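Following: one structure in structure tokens, then a few remarks.
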4 protein chains.
Amino acid sequence: MIHEQTNSFLDRTLLRARVAWSRIAGGEYTEAAASLRPNLPDEDHRQLRTQMNECLESRGGEVSARAKAAALGRVYLALDSTGRESFLRVLATSFDVDHDAVRETASKLSELSNPQDVQITEGNLRQLLEPPRLKLLTQFNALPEGVKFLVDMRADLLSLSQNDDTLKALDRDIKGLLSRWFDVEFLTLQRITWDESSAALLEKLIAYEAVHAIQSWTDLKNRLDSDRRCFAFFHPRMPEEPLIFVEVALVNGMASNVQDLLNEDAPVLNPADANSAIFYSISNAQKGLAGISFGNFLIKRVVQELSSEFPGIKTYATLSPIPGFMTWLHKAISEGESNLLTSADHKALNAVSATKRGAKGTLKELLSSSEWLEDPVLSEAVREPLMGICARYLAQSKTERGTARDPVAHFHLTNGARMESLNWMGDRAESGITQSAGMMINYLYKESKIEDNHEAYKTDGTIAMSSSLRALVRS
Amino acid sequence: MIHEQTNSFLDRTLLRARVAWSRIAGGEYTEAAASLRPNLPDEDHRQLRTQMNECLESRGGEVSARAKAAALGRVYLALDSTGRESFLRVLATSFDVDHDAVRETASKLSELSNPQDVQITEGNLRQLLEPPRLKLLTQFNALPEGVKFLVDMRADLLSLSQNDDTLKALDRDIKGLLSRWFDVEFLTLQRITWDESSAALLEKLIAYEAVHAIQSWTDLKNRLDSDRRCFAFFHPRMPEEPLIFVEVALVNGMASNVQDLLNEDAPVLNPADANSAIFYSISNAQKGLAGISFGNFLIKRVVQELSSEFPGIKTYATLSPIPGFMTWLHKAISEGESNLLTSADHKALNAVSATKRGAKGTLKELLSSSEWLEDPVLSEAVREPLMGICARYLAQSKTERGTARDPVAHFHLTNGARMESLNWMGDRAESGITQSAGMMINYLYKESKIEDNHEAYKTDGTIAMSSSLRALVRS
Amino acid sequence: MIHEQTNSFLDRTLLRARVAWSRIAGGEYTEAAASLRPNLPDEDHRQLRTQMNECLESRGGEVSARAKAAALGRVYLALDSTGRESFLRVLATSFDVDHDAVRETASKLSELSNPQDVQITEGNLRQLLEPPRLKLLTQFNALPEGVKFLVDMRADLLSLSQNDDTLKALDRDIKGLLSRWFDVEFLTLQRITWDESSAALLEKLIAYEAVHAIQSWTDLKNRLDSDRRCFAFFHPRMPEEPLIFVEVALVNGMASNVQDLLNEDAPVLNPADANSAIFYSISNAQKGLAGISFGNFLIKRVVQELSSEFPGIKTYATLSPIPGFMTWLHKAISEGESNLLTSADHKALNAVSATKRGAKGTLKELLSSSEWLEDPVLSEAVREPLMGICARYLAQSKTERGTARDPVAHFHLTNGARMESLNWMGDRAESGITQSAGMMINYLYKESKIEDNHEAYKTDGTIAMSSSLRALVRS
Amino acid sequence: MIHEQTNSFLDRTLLRARVAWSRIAGGEYTEAAASLRPNLPDEDHRQLRTQMNECLESRGGEVSARAKAAALGRVYLALDSTGRESFLRVLATSFDVDHDAVRETASKLSELSNPQDVQITEGNLRQLLEPPRLKLLTQFNALPEGVKFLVDMRADLLSLSQNDDTLKALDRDIKGLLSRWFDVEFLTLQRITWDESSAALLEKLIAYEAVHAIQSWTDLKNRLDSDRRCFAFFHPRMPEEPLIFVEVALVNGMASNVQDLLNEDAPVLNPADANSAIFYSISNAQKGLAGISFGNFLIKRVVQELSSEFPGIKTYATLSPIPGFMTWLHKAISEGESNLLTSADHKALNAVSATKRGAKGTLKELLSSSEWLEDPVLSEAVREPLMGICARYLAQSKTERGTARDPVAHFHLTNGARMESLNWMGDRAESGITQSAGMMINYLYKESKIEDNHEAYKTDGTIAMSSSLRALVRS
């Protein structure tokens, strides 16, 4: 349920930022980069380091500091992907902590006893431990588009730093900065509507939606109808960029099928008559804010908003994908089906193979084509076995750290939700079939239980579940 | 020129914050403090520490964390001044850095060589060097009135920490936090007007004005007339509290007398005809933000605003007090007048003593009563000697660090202004007579020279001066 | 309770409008008037008529029409009071309906029978009956300050047209225009607060308040405290000018004394605990809108606002002056006291005269000095007689049209209120003593009765009264 | 160039208004209409009249008056088209002026001579001439959606009243009301942008655009790009409904082809470099405001806006359709071609017929199929003759009142524009071919000539033309 936008959109976004920036900062970003080649070969590193050093120098007022940071930003934006990696690497290595100075001061500190001396030396050590690149990056905060620039630079960095300790250390610094800037207290929750939100903003929803792709402006309008709600978090320094947004359907009863929710021809419910709010899509919009979580706060704030607007809503739940199921299942099958299926399951599958010519009665066989989807008999035959396996996947498959393997499950369990019901053919879209054989799950947010569920999951990985799901697990 | 509000107003402000807070946080601040006595005797410290520890624990969601911080804040507000000092001391000592753990890790670090180990241990050290009280204080940022609370708590702390290293360390932490929160980038400049600003805000100007007290609403209205401007910096988390504000008069030529500027009966100039903008009052409004300077940025931003509104304005200057002069002079006189006066001065004073019965011809004698002010002959006699001495005070009297002794001079010289002209009887108000024998000085902000002046002053204490002032110094 | 601002303020207002206007309309208002003398002697009338005629001509676009109207407005503003009267008279006589053309068309119409001819001729007649001055005045609507100009011009006119049919006809036209422009649907209700309203607006409240003068900014702040409310109607074309405003106290029980309400040292009530809203002052702010009533709508809208904010408020009532009482009483006394006093009253007054040296036992005598106010015995003696007389004045004294003689009573009765209780010494201010011997009255707005009360009063002058007041009347 | 939205959209709009209204007015519009049948047969007229009469009665406060008007509005909205016609007819006939009373008073007036009597009787006559339906309709002004309701009711009425004097009289009343409410002074000009305007508003542009249909959201986005501008007039009582809007292209030189302007793949010009603003589409959005013209003001206001934003723009012109040309031409051809063509034209056409097999050398023949469009030789052959004829059509074909026959020409000539250049194949869209054989024309707005052009056209129908157009006419 928590996804990010594709790279291609990021590229477009960067492009726009670039244009906006060159306009605001009053120069052409290409000029500044004229003498540095797009792929930033080694011969250019010295010049780059000089430019970075100038940003760190205190001479000149804050206006010229700003101009220097903007120029450096334009250099980065003009680079190609090879050049950007080099740029980040120069930043990571040449503007790191001075380890020798740290060691020396640490050594000195370990010999001091006078409290005042200790305090002073601790202060020095504290300063030495702050790498110069941090100060340099902080200067982007002062630029009109600088915060978005850093967010997008981190998106680049994340795709490079996977197995690279040097770049990981740089990422730790940027993430630390962004965490501080994007403190949830600074965020504002805004409702997004067809009647009041700008086309430019709505266009971004279309681009950023990551769970159930928005097909057209008509689809979007339908998702903003009077029995729907959409909310997003915004940051004051990036006023036109949603950070994360959620789409909610106001319905009666628990929603079990996402195509029903998205059906443009479905009648509109009077929202005052709804008794349930179904969160059917949550999308992170900024790849560069990965790991800085707002989802939890977003759900809480939206529940607050909705309960004050609609006192009649008693149930707050999601209709969520199970993105990890099929990948896990295929791996499990390849390791042997016997543990996956109960004896009743085996019997059911064999019965089918008897009637269907060529069917071999194994899951592997059945799932190898899309026949099971189209043939009602096959479909019915796999239903119970697959739902049982999926329930066990959700309830029992854990990571090494003891948390739920399914990322969406982990997200909602951490927030204090419980697994409520598993829905067969809840998402017939291709992505739904591929990810989870079309199944979807409801997570229930019951206010009185949220704290307990959260604590139990955090303490020992206990997963809260409804009795119906528990029965499925045991099946 | 840079002053702070009086304590009595701070008290009123705190009172209001208290009321506002108890309202917002949904409880009565007295309840929370019920079991702690106002003067916080030693027996209550254990309970206080427990409460502080609970704020630091991670159990519970962010809502309960917020409630705990609010409760702790209410405890503080309910204490008397003795109790507050104890509270701050508990915070400073019981939630300090764990010096032993720091020492141990520092010692370990000094023996490591493997880069990866170094990096990890540096990370640990970095964390150990961050005192727990910092995390605790940070939580106030999340509360509606929390930022103002910390600002006011620091105001209390500043009056206690003068000679106390423990409290100074706490102040360093709070100041660090506030510096980050009050980064100039987050501040917004607002023009304050009679037609659009609220009475509540204007009332604060009256309370906070620290240079030339605002006598009445009529006086204030006059200072906001069409040939006057007033600008203030605000912070988004304290939207109704000005941080610093400046009052500007649009005039023709350099202003030399502040009573003329404040005269309610003076004719109003068409501001489009003005050629000079005179900054005649700058007041810091928040005592708790001492040392976190915005004045420099404020002047630059206001100059920008004014130059885009009034292309006809060619001169930007101040009409400033010389707050340290008379204190310095009395001390200098007590150490012997001979060095202060030129031989011409001596002659002039002696000539007066010959005509005035009982006058002894020394400065000490002359300044010992207010006769010199009221008697035109005496007044004229001391004029030249006093202006010479004052010019030398401004130009030559330095602190140990080599900066100008006069604090207002230091402020404007740091910002790149130059000393332009000294005005005899520029401020006939009692405070003006007491501080500087009624003299005022213009500092000139000439855009093309600002950077150079700033650099020269910063590098070797060189003070930029007009030729007329230089002549006075030499006199 | 419904009063208007004094002329002196109007003059200041006009002055400001004049300045604002000359600024906006881009010329100096004096220029335009250069050739017309301030007192507008007869010789200048021809030129004025020419200028007016040019405003009515259709040649040129709407921009030049606007410029012409602005020029004419500036002429008016530059005139002295004699000149203004001449101006208004020229407008009234030279731009009146063409009575001959009307008569001719009317005569023709009376002979037509063909429906289509009738319709056409009726159309012609309709146009002929619209005087040219109306079209001319309408053009001021297009000017930035034009609506306020017409309102103020009507204020001038009203003081001149008392016994002048020509000017009355002009007033009928202006009033018609303003009634249409100031349709209650166009008005917006705004709450006025210390925290959000501008000083410029609050300053106008001080100037316009007509019932209980606002003594100072502190007095005003007290009237805007958390247990007080102030609301005003505004018109979009005069956004900075309140049309009418009301001050409300949120209290427990019925308020009986206005000095208690205005006491700056009284403790503040938590408004959520209040059970009554007392309207203690309603002031019309625009003299030129006399006869165009908003008071009724204002009360209804404010009741709506308050009941949605404070569900605990059960009683909506006024604490009102009785402005006509003493004038009426003095006249009645001069016609003989015998009818005014009951025999019990006579006895009570005689008893006093027996104990007080020189007291003659008549009302005339007693009220001829302020002794009765200061002497508790006398005060107690006149209390019952005066309250009885006042109750009868309120309940029984009618105008020729059968409406209540007291203007404030008439206003509230028309709105459907009932007379609730009479308060002895409800207003000890000098004006209260002079108007009504210090008595005040509560009018009660009980939602379920408003329509009936209104209908009964309108149909046959029936005055709704509480039983306590009825008892007083009968006493 | 001035068109209106289609009926189908109006229906949707009405539907929405209906829903909005029933919501706001707090009742279901169907209830109120329960007893009246959708087609409003004669038997229901009495009940309708009663309901209308109740709206006119003064009993009850303004709240119940409002409720009654809302109920009547809901009745209307629930009717089918037959019912609506009946409703309008009842309104027109039963609530007309009392002609007998008018006649009687007119007759009386014609005999009076005493000025005061005349004045009083004129007043009476004025009132009698105001039909009761006017008062009734005025009450809709007070309803939240009432203004839009009247506008849409008039749209219905206009399609019915073509040849019906009774309904025309009703229309005269409604138009009078709307003219007053929609005085240009009340209108606000708003820029419409992709970044700030709501999707709901942009969706209306798509629906209302009447000159060059908007194909998609991408087409719309292109029309709002940085080198385009779109402005609309709004009325405060219909804040979400544009009244009229104009689309402008900022280009270099005079634009001659509308497909070029609308090309989504064309490069974007830096608007600061543009020297011309081309008004390429003006659409009236409210059918019910027909005859209440804002177009003139809109152009003037937009020129103001653009010239203050872009000092570099020197040319303001349109690229306009010639909607009446082909209709006129076909009629002219049917009356004989000889007058249409010059001898050179004849020769040219004959030359073509000689080379093209089967071509007969007459315009009628050539234009009878689309061959002339596709065949470059034919196309070239008809070019000169058609441009000449079209120029003569524009310059010489007049209505009986002496105004230009082409409605778009009449609109711009009235506004003071001059005919600048005729563009061959300026609009290759089907509608362009059908209306004007693909030709488009530029009207030039030259500020210094606007007044003179306007006067000349208005006085004696003189059409301002460039020399190139004049040459074409003479050709």
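For the structure tokens, the naming scheme is as follows: chains receive sequential letters (A, B, ...) according to their order of presentation, residues are indexed from 1 within each chain, and ligands are indexed from 1 in presentation order.
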
Check: as a list in words, which residues of region 200-361 of chain A does DSSP assign to strand (DSSP E)?
Finding: Arg228, Arg229, Cys230, Phe231, Ala232, Phe233, Phe234, Ile244, Phe245, Val246, Glu247, Val248, Ala249, Leu250, Val251, Ser276, Ala277, Ile278, Phe279, Tyr280, Ser281, Ile282, Ser283, Asn284, Thr315, Tyr316, Ala317 and Thr318 of chain A

Residue selection dump (N, CA and C atoms) as a PDB file, in the first residue's frame:
```pdb
ATOM      1  N   ARG A 228     -16.546  10.331  -1.396  1.00  0.00           N
ATOM      2  CA  ARG A 228     -15.130   9.983  -1.353  1.00  0.00           C
ATOM      3  C   ARG A 228     -14.386  11.118  -0.664  1.00  0.00           C
ATOM      4  N   ARG A 229     -13.231  10.821  -0.128  1.00  0.00           N
ATOM      5  CA  ARG A 229     -12.392  11.870   0.436  1.00  0.00           C
ATOM      6  C   ARG A 229     -10.955  11.595   0.051  1.00  0.00           C
ATOM      7  N   CYS A 230     -10.193  12.676  -0.122  1.00  0.00           N
ATOM      8  CA  CYS A 230      -8.768  12.522  -0.386  1.00  0.00           C
ATOM      9  C   CYS A 230      -8.047  13.566   0.448  1.00  0.00           C
ATOM     10  N   PHE A 231      -7.030  13.132   1.189  1.00  0.00           N
ATOM     11  CA  PHE A 231      -6.267  14.044   2.028  1.00  0.00           C
ATOM     12  C   PHE A 231      -4.779  13.875   1.747  1.00  0.00           C
ATOM     13  N   ALA A 232      -4.042  14.948   1.888  1.00  0.00           N
ATOM     14  CA  ALA A 232      -2.593  14.857   1.694  1.00  0.00           C
ATOM     15  C   ALA A 232      -1.872  15.697   2.733  1.00  0.00           C
ATOM     16  N   PHE A 233      -0.645  15.305   3.027  1.00  0.00           N
ATOM     17  CA  PHE A 233       0.234  16.127   3.846  1.00  0.00           C
ATOM     18  C   PHE A 233       1.096  17.000   2.940  1.00  0.00           C
ATOM     19  N   PHE A 234       1.285  18.251   3.366  1.00  0.00           N
ATOM     20  CA  PHE A 234       2.158  19.181   2.650  1.00  0.00           C
ATOM     21  C   PHE A 234       3.161  19.785   3.622  1.00  0.00           C
ATOM     22  N   ILE A 244       2.420  12.718   0.875  1.00  0.00           N
ATOM     23  CA  ILE A 244       1.770  11.422   0.958  1.00  0.00           C
ATOM     24  C   ILE A 244       0.274  11.722   0.890  1.00  0.00           C
ATOM     25  N   PHE A 245      -0.483  10.852   0.256  1.00  0.00           N
ATOM     26  CA  PHE A 245      -1.926  11.098   0.230  1.00  0.00           C
ATOM     27  C   PHE A 245      -2.697   9.803   0.343  1.00  0.00           C
ATOM     28  N   VAL A 246      -3.908   9.953   0.823  1.00  0.00           N
ATOM     29  CA  VAL A 246      -4.755   8.783   1.051  1.00  0.00           C
ATOM     30  C   VAL A 246      -6.111   9.021   0.397  1.00  0.00           C
ATOM     31  N   GLU A 247      -6.672   7.968  -0.175  1.00  0.00           N
ATOM     32  CA  GLU A 247      -8.010   8.037  -0.765  1.00  0.00           C
ATOM     33  C   GLU A 247      -8.953   7.199   0.084  1.00  0.00           C
ATOM     34  N   VAL A 248     -10.103   7.766   0.380  1.00  0.00           N
ATOM     35  CA  VAL A 248     -11.041   7.126   1.298  1.00  0.00           C
ATOM     36  C   VAL A 248     -12.412   7.026   0.638  1.00  0.00           C
ATOM     37  N   ALA A 249     -13.051   5.889   0.820  1.00  0.00           N
ATOM     38  CA  ALA A 249     -14.432   5.725   0.345  1.00  0.00           C
ATOM     39  C   ALA A 249     -15.357   5.672   1.556  1.00  0.00           C
ATOM     40  N   LEU A 250     -16.440   6.458   1.501  1.00  0.00           N
ATOM     41  CA  LEU A 250     -17.436   6.417   2.575  1.00  0.00           C
ATOM     42  C   LEU A 250     -18.537   5.471   2.117  1.00  0.00           C
ATOM     43  N   VAL A 251     -18.709   4.381   2.818  1.00  0.00           N
ATOM     44  CA  VAL A 251     -19.622   3.326   2.354  1.00  0.00           C
ATOM     45  C   VAL A 251     -20.423   2.772   3.526  1.00  0.00           C
ATOM     46  N   SER A 276     -19.056   3.499   7.338  1.00  0.00           N
ATOM     47  CA  SER A 276     -17.671   3.033   7.282  1.00  0.00           C
ATOM     48  C   SER A 276     -16.833   3.943   6.384  1.00  0.00           C
ATOM     49  N   ALA A 277     -15.591   4.118   6.806  1.00  0.00           N
ATOM     50  CA  ALA A 277     -14.623   4.827   5.966  1.00  0.00           C
ATOM     51  C   ALA A 277     -13.541   3.839   5.590  1.00  0.00           C
ATOM     52  N   ILE A 278     -13.394   3.609   4.287  1.00  0.00           N
ATOM     53  CA  ILE A 278     -12.425   2.630   3.804  1.00  0.00           C
ATOM     54  C   ILE A 278     -11.246   3.342   3.151  1.00  0.00           C
ATOM     55  N   PHE A 279     -10.065   3.190   3.726  1.00  0.00           N
ATOM     56  CA  PHE A 279      -8.846   3.747   3.152  1.00  0.00           C
ATOM     57  C   PHE A 279      -8.382   2.775   2.077  1.00  0.00           C
ATOM     58  N   TYR A 280      -8.582   3.127   0.831  1.00  0.00           N
ATOM     59  CA  TYR A 280      -8.278   2.122  -0.196  1.00  0.00           C
ATOM     60  C   TYR A 280      -7.010   2.418  -0.980  1.00  0.00           C
ATOM     61  N   SER A 281      -6.332   3.510  -0.664  1.00  0.00           N
ATOM     62  CA  SER A 281      -5.066   3.773  -1.343  1.00  0.00           C
ATOM     63  C   SER A 281      -4.247   4.777  -0.540  1.00  0.00           C
ATOM     64  N   ILE A 282      -3.022   4.447  -0.247  1.00  0.00           N
ATOM     65  CA  ILE A 282      -2.088   5.394   0.386  1.00  0.00           C
ATOM     66  C   ILE A 282      -0.825   5.395  -0.456  1.00  0.00           C
ATOM     67  N   SER A 283      -0.449   6.572  -0.943  1.00  0.00           N
ATOM     68  CA  SER A 283       0.745   6.640  -1.793  1.00  0.00           C
ATOM     69  C   SER A 283       1.733   7.658  -1.254  1.00  0.00           C
ATOM     70  N   ASN A 284       2.979   7.221  -1.074  1.00  0.00           N
ATOM     71  CA  ASN A 284       4.041   8.178  -0.814  1.00  0.00           C
ATOM     72  C   ASN A 284       4.385   8.861  -2.120  1.00  0.00           C
ATOM     73  N   THR A 315     -16.845   2.578  11.584  1.00  0.00           N
ATOM     74  CA  THR A 315     -15.769   1.665  11.220  1.00  0.00           C
ATOM     75  C   THR A 315     -14.726   2.375  10.366  1.00  0.00           C
ATOM     76  N   TYR A 316     -13.470   2.309  10.794  1.00  0.00           N
ATOM     77  CA  TYR A 316     -12.374   2.824   9.990  1.00  0.00           C
ATOM     78  C   TYR A 316     -11.499   1.641   9.603  1.00  0.00           C
ATOM     79  N   ALA A 317     -11.400   1.369   8.323  1.00  0.00           N
ATOM     80  CA  ALA A 317     -10.646   0.205   7.884  1.00  0.00           C
ATOM     81  C   ALA A 317     -10.002   0.496   6.545  1.00  0.00           C
ATOM     82  N   THR A 318      -9.091  -0.374   6.128  1.00  0.00           N
ATOM     83  CA  THR A 318      -8.482  -0.234   4.812  1.00  0.00           C
ATOM     84  C   THR A 318      -9.019  -1.327   3.904  1.00  0.00           C
TER      85      THR A 318
END
```

Margin query: Show me, as a ChimeraX atom specification, the residues of chain A whose atoms get within 12 Å of chain D, using only C-alpha atoms for the distance check.
Written below: /A:23,192-204,216-218,220-221,224-226,239-241,270

Next item on the list: Provide the CA of Gly291 (chain D) to CA of Ser179 (chain D) distance in Å, to one decimal place.
Entry: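 Computing it gives 9.1 Å between the two atoms.
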
Go through region 390-424 of chain A residue by residue and, counting only C-alpha atoms, keep those with an atom at most 7 Å from region 445-464 of chain A; for each kept residue give the shortest atom pair and its distance in Å to one decimal, ordered by chain and increasing number, as a Markdown table.
```
| residue | atom | partner | partner_atom | distance |
| --- | --- | --- | --- | --- |
| A:Ala395 | CA | A:Ile463 | CA | 6.8 |
| A:Gly402 | CA | A:Gly461 | CA | 6.0 |
| A:Thr403 | CA | A:Gly461 | CA | 5.8 |
| A:Leu413 | CA | A:His454 | CA | 6.6 |
| A:Thr414 | CA | A:His454 | CA | 5.5 |
| A:Asn415 | CA | A:His454 | CA | 5.9 |
| A:Gly416 | CA | A:His454 | CA | 4.1 |
| A:Ala417 | CA | A:Tyr445 | CA | 4.7 |
| A:Arg418 | CA | A:Ala464 | CA | 4.6 |
| A:Met419 | CA | A:Ala464 | CA | 6.3 |
```

Once you have the residues from the selection above, write them out as a PDB file, in the first residue's frame, restricted to all heavy atoms.
```pdb
ATOM      1  N   ALA A 395      -0.114 -14.164   8.485  1.00  0.00           N
ATOM      2  CA  ALA A 395      -0.090 -14.314   9.940  1.00  0.00           C
ATOM      3  C   ALA A 395       1.225 -14.874  10.437  1.00  0.00           C
ATOM      4  O   ALA A 395       1.627 -14.613  11.577  1.00  0.00           O
ATOM      5  CB  ALA A 395      -1.235 -15.230  10.380  1.00  0.00           C
ATOM      6  N   GLY A 402      11.570 -10.425  13.105  1.00  0.00           N
ATOM      7  CA  GLY A 402      10.340 -10.843  13.759  1.00  0.00           C
ATOM      8  C   GLY A 402       9.114 -10.046  13.364  1.00  0.00           C
ATOM      9  O   GLY A 402       8.067 -10.131  13.993  1.00  0.00           O
ATOM     10  N   THR A 403       9.260  -9.215  12.330  1.00  0.00           N
ATOM     11  CA  THR A 403       8.098  -8.435  11.891  1.00  0.00           C
ATOM     12  C   THR A 403       7.448  -9.131  10.694  1.00  0.00           C
ATOM     13  O   THR A 403       8.059  -9.999  10.058  1.00  0.00           O
ATOM     14  CB  THR A 403       8.530  -7.019  11.463  1.00  0.00           C
ATOM     15  OG1 THR A 403       9.474  -7.158  10.386  1.00  0.00           O
ATOM     16  CG2 THR A 403       9.208  -6.282  12.603  1.00  0.00           C
ATOM     17  N   LEU A 413       0.112  -2.977  10.905  1.00  0.00           N
ATOM     18  CA  LEU A 413       0.249  -3.579  12.238  1.00  0.00           C
ATOM     19  C   LEU A 413       1.038  -2.641  13.151  1.00  0.00           C
ATOM     20  O   LEU A 413       0.688  -2.455  14.320  1.00  0.00           O
ATOM     21  CB  LEU A 413       0.952  -4.942  12.118  1.00  0.00           C
ATOM     22  CG  LEU A 413       0.141  -6.017  11.364  1.00  0.00           C
ATOM     23  CD1 LEU A 413       1.011  -7.245  11.081  1.00  0.00           C
ATOM     24  CD2 LEU A 413      -1.112  -6.429  12.142  1.00  0.00           C
ATOM     25  N   THR A 414       2.070  -2.029  12.611  1.00  0.00           N
ATOM     26  CA  THR A 414       2.840  -1.068  13.406  1.00  0.00           C
ATOM     27  C   THR A 414       1.945   0.078  13.877  1.00  0.00           C
ATOM     28  O   THR A 414       2.090   0.591  14.978  1.00  0.00           O
ATOM     29  CB  THR A 414       4.004  -0.486  12.562  1.00  0.00           C
ATOM     30  OG1 THR A 414       4.775  -1.569  12.066  1.00  0.00           O
ATOM     31  CG2 THR A 414       4.887   0.431  13.399  1.00  0.00           C
ATOM     32  N   ASN A 415       1.003   0.446  13.035  1.00  0.00           N
ATOM     33  CA  ASN A 415       0.094   1.538  13.390  1.00  0.00           C
ATOM     34  C   ASN A 415      -1.013   1.112  14.336  1.00  0.00           C
ATOM     35  O   ASN A 415      -1.854   1.930  14.705  1.00  0.00           O
ATOM     36  CB  ASN A 415      -0.558   2.122  12.138  1.00  0.00           C
ATOM     37  CG  ASN A 415       0.451   2.826  11.263  1.00  0.00           C
ATOM     38  OD1 ASN A 415       1.556   3.107  11.714  1.00  0.00           O
ATOM     39  ND2 ASN A 415       0.082   3.106  10.030  1.00  0.00           N
ATOM     40  N   GLY A 416      -1.078  -0.179  14.674  1.00  0.00           N
ATOM     41  CA  GLY A 416      -2.077  -0.618  15.639  1.00  0.00           C
ATOM     42  C   GLY A 416      -3.353  -1.190  15.038  1.00  0.00           C
ATOM     43  O   GLY A 416      -4.347  -1.387  15.751  1.00  0.00           O
ATOM     44  N   ALA A 417      -3.347  -1.442  13.736  1.00  0.00           N
ATOM     45  CA  ALA A 417      -4.543  -2.037  13.118  1.00  0.00           C
ATOM     46  C   ALA A 417      -4.571  -3.543  13.359  1.00  0.00           C
ATOM     47  O   ALA A 417      -3.571  -4.139  13.775  1.00  0.00           O
ATOM     48  CB  ALA A 417      -4.521  -1.757  11.619  1.00  0.00           C
ATOM     49  N   ARG A 418      -5.709  -4.172  13.100  1.00  0.00           N
ATOM     50  CA  ARG A 418      -5.730  -5.638  13.117  1.00  0.00           C
ATOM     51  C   ARG A 418      -6.194  -6.142  11.756  1.00  0.00           C
ATOM     52  O   ARG A 418      -6.911  -5.462  11.017  1.00  0.00           O
ATOM     53  CB  ARG A 418      -6.607  -6.163  14.245  1.00  0.00           C
ATOM     54  CG  ARG A 418      -8.069  -6.308  13.910  1.00  0.00           C
ATOM     55  CD  ARG A 418      -8.808  -7.072  15.000  1.00  0.00           C
ATOM     56  NE  ARG A 418     -10.191  -7.313  14.577  1.00  0.00           N
ATOM     57  CZ  ARG A 418     -11.142  -7.726  15.385  1.00  0.00           C
ATOM     58  NH1 ARG A 418     -10.884  -7.950  16.663  1.00  0.00           N
ATOM     59  NH2 ARG A 418     -12.368  -7.927  14.927  1.00  0.00           N
ATOM     60  N   MET A 419      -5.770  -7.382  11.431  1.00  0.00           N
ATOM     61  CA  MET A 419      -6.202  -8.003  10.183  1.00  0.00           C
ATOM     62  C   MET A 419      -7.660  -8.415  10.351  1.00  0.00           C
ATOM     63  O   MET A 419      -7.991  -9.142  11.289  1.00  0.00           O
ATOM     64  CB  MET A 419      -5.351  -9.238   9.912  1.00  0.00           C
ATOM     65  CG  MET A 419      -3.891  -8.904   9.613  1.00  0.00           C
ATOM     66  SD  MET A 419      -2.937 -10.388   9.258  1.00  0.00           S
ATOM     67  CE  MET A 419      -1.356  -9.655   8.791  1.00  0.00           C
TER      68      MET A 419
END
```

Margin query: Quick one: residues within 10 Å of Ala344 (chain D), only C-alpha atoms, excluding same-chain residues fewer than 6 positions away - as a VMD selection string?
Written below: chain D and resid 350 384 to 385 475

Notebook entry, point to check: Which residues come within 9 Å of Glu185 (chain C), counting only C-alpha atoms, excluding same-chain residues fewer than 6 positions away, as JSON, numbers by chain?
Noted result: {"D": [141, 142, 143]}
